[in-house]
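Novice: Before I ask anything, let me first share the structure, which is written out below as structure tokens.
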Amino acid sequence: MSLADDLDRALSNTRTIHIDHVRALGASPEAIVTLGSRQLPFGVDRIDVDDAGRWWPDEAGKPALVVPVIERGEPIDIVAFRSNQPARWWWRIGIGGLLGSDVLNRNVWPDDELRVVSTPIAWICAAGEAVCILDWDLPDPEISPMRDFHVIKCDTEILASRLRKRLAQPRKVPPISVPKEAAHAA
């Protein structure tokens with residue numbers, strides 16, 4: 001099975017009742033269509049999960065919403081969550097750290113704001129025009145572009161506090177030296 005196969009299956013499983021359910025969770029039709037114009041906004045699959053945070057398709061499993069994690073226009077992972085526990089998710093592979101990484105890679109102007117949301121369903125509701133941090137252990141180079149924004153707006157105080165703490169961590173600076181030969185040449 002490939003990610004493309006998993007996404008195709010999830011899309012083919014999606015019915016009007018699932019779209020209505022996502023709308024009931026706060027996603028407007030416009031948000032779903034806007035996100036869908038750029039990528040598959042979500043699908044539905046029956047899954048099983050493990051304690052390591054991974055999921056896999058299982059016909060006997062429980063239904064979940066699945067969302068592709070896109071980087072540079074390509075799916076690199078799929079995150080799955082259950083609508084009754086939107087703050088708990090699982091990865092198909094385990095490498096997708098952010099939903100909305102393309103938002104971070106846009107040109108940043110002096111007055112630009114960044115919207116950061118707590119859950120994948122909140123990201124769908126924002127039409128993908130936000131970032132959802134899926135893995136808080138991301139390497140600093142993946143999360144540091146957030147520092148370039150003029151303002152970061154979070155959807156909860158808990159998220160704002162956690163993000164403030166993460167971005168305030170000092171950046172790693174490697175040892176810097178001048179070889180003796182180079183010092184004498186100058």
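Each chain in the structure tokens gets a letter, A, B and so on, in the order shown; residues start at 1 in every chain, and ligands are counted from 1 in the order they appear.
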Each residue of range 86-184 of chain A lying at most 6 Å from range 18-40 of chain A should get a row with its shortest atom-to-atom pair and the distance in Å to one decimal, counting only C-alpha atoms; could you produce that, ordered by chain and increasing number, as a Markdown table?
Specialist:
```
| residue | atom | partner | partner_atom | distance |
| --- | --- | --- | --- | --- |
| A:Cys125 | CA | A:Ala27 | CA | 4.1 |
| A:Ala127 | CA | A:Ala31 | CA | 4.3 |
| A:Gly128 | CA | A:Leu35 | CA | 5.8 |
```
Novice: Would you export the selected residues with N, CA, C and O atoms as a compact mmCIF listing (two decimals), in the first residue's frame, please?
Specialist:
```txt
# COMPACT_ATOMS: atom_id res chain seq x y z
N CYS A 125 -11.18 23.67 9.03
CA CYS A 125 -12.10 24.81 9.19
C CYS A 125 -11.46 26.11 8.71
O CYS A 125 -12.17 27.01 8.25
N ALA A 127 -9.62 26.35 6.17
CA ALA A 127 -9.37 26.16 4.73
C ALA A 127 -7.90 25.93 4.41
O ALA A 127 -7.43 26.26 3.33
N GLY A 128 -7.16 25.42 5.39
CA GLY A 128 -5.73 25.19 5.18
C GLY A 128 -4.89 26.45 5.21
O GLY A 128 -3.69 26.40 4.98
```
Novice: When you count only C-alpha atoms, which of these residues is closest to Ser101 in chain A: A:Ala122, A:Met146, A:Ala87, A:Ile158?
Specialist: A:Met146
Novice: In terms of the shortest atom-to-atom distance over only C-alpha atoms, which of A:Gln169, A:Leu65, A:Gly53, A:Leu98 is closest to Leu11 in chain A?
Specialist: A:Leu65
Novice: Considering only C-alpha atoms, state which residue in the set A:Trp91, A:Trp109, A:Phe81, A:Trp136 is at the smallest distance from Leu163 in chain A.
Specialist: A:Trp136
Novice: Using only C-alpha atoms, find the one residue out of A:Pro145, A:Gly43, A:Gly96, A:Pro170 that sits nearest to Glu74 in chain A.
Specialist: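 Comparing A:Pro145, A:Gly43, A:Gly96, A:Pro170 against Glu74 in chain A, the winner is A:Gly96.
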Novice: Out of A:Arg82, A:Lys165, A:Arg46, A:Lys172, which residue has the shortest atom-to-atom distance to Gly61 in chain A when counting only C-alpha atoms?
Specialist: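 Answer, going by the shortest atom-to-atom distance: A:Arg46.
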Novice: If you count only C-alpha atoms, which residues fall within 12 Å of Arg166 in chain A, apart from same-chain ones fewer than 6 positions away, as an MDAnalysis selection string?
Specialist: chainID A and resid 133 135:140 143:144 146:147 159:160
Novice: Between A:Val178, A:Ala52, A:Leu7, A:Leu167, which residue has the minimum interatomic distance to Ile76 in chain A, considering only C-alpha atoms?
Specialist: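 Closest to Ile76 in chain A, using only C-alpha atoms: A:Leu7.
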